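**Student:** File coords-v3.pdb follows (PDB, C-alpha atoms):
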```pdb
ATOM      1  CA  MET M  10       0.000   0.000   0.000  1.00  0.00           C
ATOM      2  CA  GLU M  11       2.828   2.313   0.858  1.00  0.00           C
ATOM      3  CA  ALA M  12       4.376   1.693  -2.564  1.00  0.00           C
ATOM      4  CA  ILE M  13       1.137   2.612  -4.301  1.00  0.00           C
ATOM      5  CA  LYS M  14       0.924   5.869  -2.322  1.00  0.00           C
ATOM      6  CA  ASN M  15       4.530   6.739  -3.309  1.00  0.00           C
ATOM      7  CA  LEU M  16       3.765   5.919  -6.917  1.00  0.00           C
ATOM      8  CA  LEU M  17       0.611   8.092  -6.907  1.00  0.00           C
ATOM      9  CA  SER M  18       2.517  10.927  -5.233  1.00  0.00           C
ATOM     10  CA  ARG M  19       5.192  10.818  -7.970  1.00  0.00           C
ATOM     11  CA  PHE M  20       2.508  10.618 -10.635  1.00  0.00           C
ATOM     12  CA  ARG M  21       0.767  13.703  -9.230  1.00  0.00           C
ATOM     13  CA  GLN M  22       4.031  15.665  -9.242  1.00  0.00           C
ATOM     14  CA  SER M  23       4.727  14.627 -12.843  1.00  0.00           C
ATOM     15  CA  ALA M  24       1.158  15.389 -13.902  1.00  0.00           C
ATOM     16  CA  VAL M  25       1.341  18.846 -12.312  1.00  0.00           C
ATOM     17  CA  LEU M  26       4.654  19.541 -14.102  1.00  0.00           C
ATOM     18  CA  VAL M  27       3.226  18.321 -17.443  1.00  0.00           C
ATOM     19  CA  LEU M  28       0.103  20.444 -16.925  1.00  0.00           C
ATOM     20  CA  ILE M  29       2.192  23.524 -16.056  1.00  0.00           C
ATOM     21  CA  GLY M  30       4.355  22.896 -19.163  1.00  0.00           C
ATOM     22  CA  PHE M  31       1.261  22.542 -21.352  1.00  0.00           C
ATOM     23  CA  PHE M  32      -0.217  25.832 -20.125  1.00  0.00           C
ATOM     24  CA  LEU M  33       3.179  27.533 -20.448  1.00  0.00           C
ATOM     25  CA  ILE M  34       3.446  26.453 -24.109  1.00  0.00           C
ATOM     26  CA  ILE M  35      -0.070  27.730 -24.834  1.00  0.00           C
ATOM     27  CA  TYR M  36       0.677  30.997 -23.030  1.00  0.00           C
ATOM     28  CA  ILE M  37       3.881  31.519 -25.054  1.00  0.00           C
ATOM     29  CA  ALA M  38       2.066  30.725 -28.328  1.00  0.00           C
ATOM     30  CA  PHE M  39      -0.679  33.244 -27.563  1.00  0.00           C
ATOM     31  CA  GLY M  40       1.995  35.767 -26.549  1.00  0.00           C
ATOM     32  CA  LEU M  41       3.737  35.377 -29.915  1.00  0.00           C
ATOM     33  CA  ILE M  42       0.456  35.812 -31.767  1.00  0.00           C
ATOM     34  CA  TYR M  43      -0.374  38.913 -29.713  1.00  0.00           C
ATOM     35  CA  TRP M  44       3.127  40.295 -30.295  1.00  0.00           C
ATOM     36  CA  GLN M  45       2.774  39.904 -34.099  1.00  0.00           C
ATOM     37  CA  GLN M  46      -0.762  41.258 -34.139  1.00  0.00           C
ATOM     38  CA  GLY M  47       0.349  44.895 -33.923  1.00  0.00           C
ATOM     39  CA  SER M  48       2.389  44.862 -37.139  1.00  0.00           C
ATOM     40  CA  ARG M  49      -0.250  42.862 -39.004  1.00  0.00           C
ATOM     41  CA  GLN M  50      -3.004  45.192 -37.799  1.00  0.00           C
ATOM     42  CA  LYS M  51      -0.974  48.230 -38.933  1.00  0.00           C
ATOM     43  CA  GLU M  52      -0.526  46.627 -42.380  1.00  0.00           C
ATOM     44  CA  LEU M  53      -4.271  45.958 -42.664  1.00  0.00           C
ATOM     45  CA  GLU M  54      -5.077  49.543 -41.623  1.00  0.00           C
ATOM     46  CA  GLU M  55      -2.757  50.870 -44.380  1.00  0.00           C
ATOM     47  CA  GLN M  56      -4.446  48.615 -46.941  1.00  0.00           C
ATOM     48  CA  SER M  57      -7.850  49.776 -45.757  1.00  0.00           C
ATOM     49  CA  ALA M  58      -6.790  53.429 -46.044  1.00  0.00           C
ATOM     50  CA  ASN M  59      -5.495  52.859 -49.599  1.00  0.00           C
ATOM     51  CA  ILE M  60      -8.721  51.127 -50.612  1.00  0.00           C
ATOM     52  CA  SER M  61     -10.753  53.960 -49.087  1.00  0.00           C
ATOM     53  CA  LEU M  62      -8.846  56.474 -51.245  1.00  0.00           C
ATOM     54  CA  ILE M  63      -9.566  54.444 -54.372  1.00  0.00           C
ATOM     55  CA  VAL M  64     -13.238  53.962 -53.526  1.00  0.00           C
ATOM     56  CA  ALA M  65     -13.658  57.659 -52.688  1.00  0.00           C
ATOM     57  CA  LYS M  66     -12.650  58.705 -56.219  1.00  0.00           C
ATOM     58  CA  PRO M  67     -15.754  59.630 -58.196  1.00  0.00           C
ATOM     59  CA  LEU M  68     -16.347  57.529 -61.286  1.00  0.00           C
ATOM     60  CA  PRO M  69     -16.594  59.316 -64.630  1.00  0.00           C
ATOM     61  CA  SER M  70     -20.063  59.589 -66.090  1.00  0.00           C
ATOM     62  CA  GLN M  71     -21.217  57.022 -68.599  1.00  0.00           C
ATOM     63  CA  ALA M  72     -21.709  59.721 -71.241  1.00  0.00           C
ATOM     64  CA  LYS M  73     -18.101  60.922 -70.838  1.00  0.00           C
ATOM     65  CA  LEU M  74     -16.757  57.378 -71.086  1.00  0.00           C
ATOM     66  CA  GLN M  75     -18.906  56.685 -74.144  1.00  0.00           C
ATOM     67  CA  ALA M  76     -17.716  59.900 -75.835  1.00  0.00           C
ATOM     68  CA  GLU M  77     -14.065  59.051 -75.176  1.00  0.00           C
ATOM     69  CA  TYR M  78     -14.619  55.485 -76.396  1.00  0.00           C
ATOM     70  CA  ASP M  79     -16.275  56.747 -79.599  1.00  0.00           C
ATOM     71  CA  THR M  80     -13.447  59.237 -80.206  1.00  0.00           C
ATOM     72  CA  ILE M  81     -10.787  56.582 -79.812  1.00  0.00           C
ATOM     73  CA  ASN M  82     -12.671  54.127 -82.003  1.00  0.00           C
ATOM     74  CA  SER M  83     -12.996  56.785 -84.696  1.00  0.00           C
ATOM     75  CA  TYR M  84      -9.215  57.301 -84.531  1.00  0.00           C
ATOM     76  CA  LEU M  85      -8.630  53.575 -84.817  1.00  0.00           C
ATOM     77  CA  THR M  86     -10.838  53.258 -87.885  1.00  0.00           C
ATOM     78  CA  MET M  87      -9.412  56.294 -89.705  1.00  0.00           C
ATOM     79  CA  THR M  88      -7.999  55.639 -93.160  1.00  0.00           C
ATOM     80  CA  ASP M  89      -6.828  59.147 -93.986  1.00  0.00           C
ATOM     81  CA  ILE M  90      -5.634  61.944 -91.732  1.00  0.00           C
ATOM     82  CA  GLU M  91      -6.203  65.534 -92.707  1.00  0.00           C
ATOM     83  CA  VAL M  92      -3.731  68.255 -91.785  1.00  0.00           C
ATOM     84  CA  SER M  93      -6.377  70.019 -89.698  1.00  0.00           C
ATOM     85  CA  ASP M  94      -6.810  67.011 -87.385  1.00  0.00           C
ATOM     86  CA  SER M  95      -5.394  67.210 -83.896  1.00  0.00           C
ATOM     87  CA  ILE M  96      -1.864  66.094 -83.195  1.00  0.00           C
ATOM     88  CA  ASP M  97      -3.293  63.344 -80.947  1.00  0.00           C
ATOM     89  CA  ALA M  98      -5.274  61.944 -83.877  1.00  0.00           C
ATOM     90  CA  ARG M  99      -2.217  61.954 -86.126  1.00  0.00           C
ATOM     91  CA  ALA M 100      -0.067  60.293 -83.451  1.00  0.00           C
ATOM     92  CA  ILE M 101      -2.706  57.627 -82.772  1.00  0.00           C
ATOM     93  CA  TYR M 102      -3.008  57.047 -86.508  1.00  0.00           C
ATOM     94  CA  VAL M 103       0.771  56.528 -86.782  1.00  0.00           C
ATOM     95  CA  ILE M 104       0.798  54.033 -83.888  1.00  0.00           C
ATOM     96  CA  VAL M 105      -2.217  52.153 -85.278  1.00  0.00           C
ATOM     97  CA  GLY M 106      -0.570  52.143 -88.724  1.00  0.00           C
ATOM     98  CA  ILE M 107       2.606  50.582 -87.308  1.00  0.00           C
ATOM     99  CA  ALA M 108       0.465  47.942 -85.548  1.00  0.00           C
ATOM    100  CA  GLU M 109      -1.430  47.122 -88.743  1.00  0.00           C
ATOM    101  CA  LYS M 110       1.815  46.969 -90.720  1.00  0.00           C
ATOM    102  CA  SER M 111       3.179  44.531 -88.113  1.00  0.00           C
ATOM    103  CA  GLY M 112       0.045  42.368 -88.328  1.00  0.00           C
ATOM    104  CA  ILE M 113      -1.086  42.713 -84.704  1.00  0.00           C
ATOM    105  CA  THR M 114      -4.246  43.879 -82.980  1.00  0.00           C
ATOM    106  CA  ILE M 115      -4.168  47.075 -80.934  1.00  0.00           C
ATOM    107  CA  ASP M 116      -6.810  47.807 -78.305  1.00  0.00           C
ATOM    108  CA  PRO M 117      -8.332  51.290 -78.025  1.00  0.00           C
ATOM    109  CA  PHE M 118      -6.162  53.535 -75.854  1.00  0.00           C
ATOM    110  CA  SER M 119      -6.618  56.944 -74.297  1.00  0.00           C
ATOM    111  CA  GLN M 120      -5.398  60.248 -75.614  1.00  0.00           C
ATOM    112  CA  ALA M 121      -1.922  61.433 -74.779  1.00  0.00           C
ATOM    113  CA  ALA M 122      -0.822  63.550 -71.883  1.00  0.00           C
ATOM    114  CA  HIS M 123       0.855  66.722 -73.202  1.00  0.00           C
ATOM    115  CA  ARG M 124       3.921  68.492 -71.842  1.00  0.00           C
ATOM    116  CA  ASP M 125       6.682  70.718 -73.205  1.00  0.00           C
ATOM    117  CA  GLU M 126      10.284  69.611 -72.880  1.00  0.00           C
ATOM    118  CA  LYS M 127      13.560  71.301 -73.793  1.00  0.00           C
ATOM    119  CA  VAL M 128      15.875  68.992 -75.698  1.00  0.00           C
ATOM    120  CA  GLY M 129      19.148  70.283 -77.045  1.00  0.00           C
ATOM    121  CA  GLY M 130      18.478  73.752 -78.432  1.00  0.00           C
ATOM    122  CA  GLY M 131      14.773  73.318 -79.109  1.00  0.00           C
ATOM    123  CA  THR M 132      11.500  73.020 -77.276  1.00  0.00           C
ATOM    124  CA  TYR M 133       9.361  70.006 -78.093  1.00  0.00           C
ATOM    125  CA  GLN M 134       5.802  69.091 -77.291  1.00  0.00           C
ATOM    126  CA  VAL M 135       5.809  65.580 -75.839  1.00  0.00           C
ATOM    127  CA  LEU M 136       2.748  63.360 -76.230  1.00  0.00           C
ATOM    128  CA  SER M 137       2.886  60.552 -73.686  1.00  0.00           C
ATOM    129  CA  PHE M 138       0.745  57.525 -74.495  1.00  0.00           C
ATOM    130  CA  ARG M 139       0.474  55.086 -71.589  1.00  0.00           C
ATOM    131  CA  ASN M 140      -0.733  51.478 -71.429  1.00  0.00           C
ATOM    132  CA  ILE M 141      -1.063  50.818 -75.145  1.00  0.00           C
ATOM    133  CA  SER M 142      -2.215  47.192 -75.282  1.00  0.00           C
ATOM    134  CA  VAL M 143      -1.411  45.023 -78.304  1.00  0.00           C
ATOM    135  CA  HIS M 144      -1.759  41.288 -78.938  1.00  0.00           C
ATOM    136  CA  GLY M 145      -0.958  38.795 -81.630  1.00  0.00           C
ATOM    137  CA  ASP M 146       1.867  36.528 -82.757  1.00  0.00           C
ATOM    138  CA  TYR M 147       5.167  36.854 -80.840  1.00  0.00           C
ATOM    139  CA  ASP M 148       7.213  37.701 -83.952  1.00  0.00           C
ATOM    140  CA  ASN M 149       4.698  40.337 -85.051  1.00  0.00           C
ATOM    141  CA  ILE M 150       4.659  41.895 -81.564  1.00  0.00           C
ATOM    142  CA  MET M 151       8.464  42.018 -81.633  1.00  0.00           C
ATOM    143  CA  ALA M 152       8.376  43.642 -85.109  1.00  0.00           C
ATOM    144  CA  PHE M 153       5.998  46.317 -83.751  1.00  0.00           C
ATOM    145  CA  ILE M 154       8.210  46.949 -80.714  1.00  0.00           C
ATOM    146  CA  SER M 155      11.318  47.018 -82.909  1.00  0.00           C
ATOM    147  CA  ASP M 156       9.724  49.592 -85.235  1.00  0.00           C
ATOM    148  CA  LEU M 157       8.820  51.849 -82.299  1.00  0.00           C
ATOM    149  CA  ASP M 158      12.177  51.388 -80.590  1.00  0.00           C
ATOM    150  CA  SER M 159      14.335  51.954 -83.684  1.00  0.00           C
ATOM    151  CA  GLY M 160      12.287  54.861 -85.003  1.00  0.00           C
ATOM    152  CA  THR M 161      11.899  53.194 -88.402  1.00  0.00           C
ATOM    153  CA  THR M 162       8.477  54.729 -89.090  1.00  0.00           C
ATOM    154  CA  ARG M 163       8.768  57.822 -86.902  1.00  0.00           C
ATOM    155  CA  GLU M 164      12.179  58.904 -85.596  1.00  0.00           C
ATOM    156  CA  THR M 165      10.723  61.102 -82.875  1.00  0.00           C
ATOM    157  CA  MET M 166       8.840  58.241 -81.235  1.00  0.00           C
ATOM    158  CA  VAL M 167      10.497  56.958 -78.037  1.00  0.00           C
ATOM    159  CA  LEU M 168       9.564  53.622 -76.480  1.00  0.00           C
ATOM    160  CA  LYS M 169       9.593  54.155 -72.701  1.00  0.00           C
ATOM    161  CA  LYS M 170       8.360  50.857 -71.223  1.00  0.00           C
ATOM    162  CA  VAL M 171       7.353  47.406 -72.473  1.00  0.00           C
ATOM    163  CA  THR M 172       5.696  44.525 -70.638  1.00  0.00           C
ATOM    164  CA  ILE M 173       5.303  41.283 -72.601  1.00  0.00           C
ATOM    165  CA  ASN M 174       3.123  38.352 -71.517  1.00  0.00           C
ATOM    166  CA  GLN M 175       2.589  35.022 -73.221  1.00  0.00           C
ATOM    167  CA  VAL M 176      -0.511  32.945 -72.521  1.00  0.00           C
ATOM    168  CA  GLU M 177      -1.450  29.441 -73.652  1.00  0.00           C
ATOM    169  CA  VAL M 178      -4.899  29.613 -75.287  1.00  0.00           C
ATOM    170  CA  GLU M 179      -7.040  26.560 -75.980  1.00  0.00           C
ATOM    171  CA  GLY M 180      -7.790  26.147 -79.670  1.00  0.00           C
ATOM    172  CA  GLU M 181     -10.803  24.916 -81.573  1.00  0.00           C
ATOM    173  CA  GLY M 182      -9.910  21.213 -81.416  1.00  0.00           C
ATOM    174  CA  GLU M 183      -9.585  19.047 -78.350  1.00  0.00           C
ATOM    175  CA  GLY M 184      -6.165  19.367 -76.707  1.00  0.00           C
ATOM    176  CA  GLU M 185      -5.151  22.035 -79.220  1.00  0.00           C
ATOM    177  CA  THR M 186      -3.376  25.062 -77.736  1.00  0.00           C
ATOM    178  CA  ARG M 187      -1.583  28.085 -79.135  1.00  0.00           C
ATOM    179  CA  THR M 188       0.519  30.798 -77.580  1.00  0.00           C
ATOM    180  CA  GLU M 189      -0.967  34.292 -77.571  1.00  0.00           C
ATOM    181  CA  THR M 190       1.433  37.160 -76.917  1.00  0.00           C
ATOM    182  CA  ALA M 191       0.282  40.435 -75.400  1.00  0.00           C
ATOM    183  CA  ALA M 192       2.308  43.548 -74.698  1.00  0.00           C
ATOM    184  CA  THR M 193       1.637  46.784 -72.865  1.00  0.00           C
ATOM    185  CA  LEU M 194       3.699  49.779 -73.972  1.00  0.00           C
ATOM    186  CA  ASP M 195       4.363  53.366 -72.992  1.00  0.00           C
ATOM    187  CA  VAL M 196       5.387  55.622 -75.898  1.00  0.00           C
ATOM    188  CA  ASP M 197       6.450  59.272 -76.039  1.00  0.00           C
ATOM    189  CA  LEU M 198       6.174  61.232 -79.281  1.00  0.00           C
ATOM    190  CA  TYR M 199       8.260  64.385 -79.653  1.00  0.00           C
ATOM    191  CA  THR M 200       7.057  67.123 -82.013  1.00  0.00           C
ATOM    192  CA  LYS M 201       8.410  70.616 -82.518  1.00  0.00           C
ATOM    193  CA  SER M 202       6.352  73.112 -80.524  1.00  0.00           C
ATOM    194  CA  GLY M 203       4.188  75.215 -82.776  1.00  0.00           C
ATOM    195  CA  GLY M 204       4.490  72.898 -85.766  1.00  0.00           C
TER     196      GLY M 204
END
```
What's the structure tokens form of this structure?

**Tutor:**
Amino acid sequence: MEAIKNLLSRFRQSAVLVLIGFFLIIYIAFGLIYWQQGSRQKELEEQSANISLIVAKPLPSQAKLQAEYDTINSYLTMTDIEVSDSIDARAIYVIVGIAEKSGITIDPFSQAAHRDEKVGGGTYQVLSFRNISVHGDYDNIMAFISDLDSGTTRETMVLKKVTINQVEVEGEGEGETRTETAATLDVDLYTKSGG
């Protein structure tokens, strides 16, 4: 009987130590989570503030968007540019012409941002076209980019940024796939101010 009491006494001491260790591990784990919570909460608050800024921006009216879409589509379908047309229209026509010559499809893009810039001894009006989206065959896309970059068609056109993506597209038949290449470009066009 005495041996059983000693055994139970040792078991109780071990059980108490195991129980204390278990609670200590849980306490430390919760402490680590609480300690990391501050930085994570700060990150989430920053994200929430950024989203609030985006959501607070008023959306353009449908009529304004439709008018801009119609204007751009009319530029993309132009076959002849008159001298009296705006410089934006002529620049868009040149870019669309290079795309057609390269055999690729160009999506409608917005009008250029204008700024004046001094280069060398002259002042130039710079038309900055951003996010021009094109897609088609890889070689044709590269021909388009090469034309813009080398200034083959228009020497005053400067390619600022290119992002190229290739996507596997399922074809008509079963198991048939093809690679579609898409590129997004930023282009600056320099023209003499006043002419």

**Student:** Excluding same-chain residues fewer than 6 positions from stretch 162-177 of chain M, what lies within 7 Å of it counting all atoms listed in the file, as a list in words?

**Tutor:**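 Residues meeting the cut-off are Asp156, Thr186, Arg187, Thr188, Glu189, Thr190, Ala191, Ala192, Thr193, Leu194, Asp195, Val196, Asp197, Leu198 and Tyr199 of chain M.
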
**Student:** At what distance in Å, to one decimal, does atom CA of M:Ala121 lie from atom CA of M:Val105?

**Tutor:**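 Between these atoms lies a distance of 14.0 Å.
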
**Student:** If we count all atoms listed in the file and set the cut-off at 12 Å, which residues sit around stretch 124-129 of chain M, ignoring sequence neighbours fewer than 2 positions away in its own chain? Please answer as a list in words.

**Tutor:**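 Once the adjacent positions are removed, what remains is Ala121, Ala122, Gly131, Thr132, Tyr133, Gln134, Val135, Leu136, Ser137, Phe138, Thr165, Asp197, Leu198, Tyr199, Thr200, Lys201, Ser202 and Gly203 of chain M.
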
**Student:** To one decimal place in Å, what is the distance between atom CA of M:Leu16 and atom CA of M:Gly30?

**Tutor:**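 Spanning atom CA of M:Leu16 to atom CA of M:Gly30 is a straight-line distance of 20.9 Å.
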
**Student:** Given 3 Å on each side, where is the centre and what are the edge lengths in Å to one decimal of the axis-aligned box enclosing the listed atoms of stretch 193-200 of chain M, as lines of an AutoDock Vina configuration file?

**Tutor:**
```
center_x = 4.9
center_y = 57.0
center_z = -77.4
size_x = 12.6
size_y = 26.3
size_z = 15.1
```

**Student:** Do you know which residues the PyMOL selection byres ((chain M and resi 106-109) around 10) returns on this file, as an mmCIF file with C-alpha atoms, keeping the file's coordinate frame?

**Tutor:**
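Result file follows (selection-v7.cif):
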```cif
data_model
loop_
_atom_site.group_PDB
_atom_site.id
_atom_site.type_symbol
_atom_site.label_atom_id
_atom_site.label_comp_id
_atom_site.auth_asym_id
_atom_site.auth_seq_id
_atom_site.Cartn_x
_atom_site.Cartn_y
_atom_site.Cartn_z
ATOM 1 C CA LEU M 85 -8.630 53.575 -84.817
ATOM 2 C CA MET M 87 -9.412 56.294 -89.705
ATOM 3 C CA THR M 88 -7.999 55.639 -93.160
ATOM 4 C CA ALA M 100 -0.067 60.293 -83.451
ATOM 5 C CA ILE M 101 -2.706 57.627 -82.772
ATOM 6 C CA TYR M 102 -3.008 57.047 -86.508
ATOM 7 C CA VAL M 103 0.771 56.528 -86.782
ATOM 8 C CA ILE M 104 0.798 54.033 -83.888
ATOM 9 C CA VAL M 105 -2.217 52.153 -85.278
ATOM 10 C CA LYS M 110 1.815 46.969 -90.720
ATOM 11 C CA SER M 111 3.179 44.531 -88.113
ATOM 12 C CA GLY M 112 0.045 42.368 -88.328
ATOM 13 C CA ILE M 113 -1.086 42.713 -84.704
ATOM 14 C CA THR M 114 -4.246 43.879 -82.980
ATOM 15 C CA ILE M 115 -4.168 47.075 -80.934
ATOM 16 C CA VAL M 143 -1.411 45.023 -78.304
ATOM 17 C CA HIS M 144 -1.759 41.288 -78.938
ATOM 18 C CA ASN M 149 4.698 40.337 -85.051
ATOM 19 C CA ILE M 150 4.659 41.895 -81.564
ATOM 20 C CA ALA M 152 8.376 43.642 -85.109
ATOM 21 C CA PHE M 153 5.998 46.317 -83.751
ATOM 22 C CA ILE M 154 8.210 46.949 -80.714
ATOM 23 C CA ASP M 156 9.724 49.592 -85.235
ATOM 24 C CA LEU M 157 8.820 51.849 -82.299
ATOM 25 C CA THR M 161 11.899 53.194 -88.402
ATOM 26 C CA THR M 162 8.477 54.729 -89.090
ATOM 27 C CA ARG M 163 8.768 57.822 -86.902
#
```

**Student:** Could you jot down the atom CA of M:Gln120 to atom CA of M:Asp97 separation for me, Å, one decimal place?

**Tutor:**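 Spanning atom CA of M:Gln120 to atom CA of M:Asp97 is a straight-line distance of 6.5 Å.
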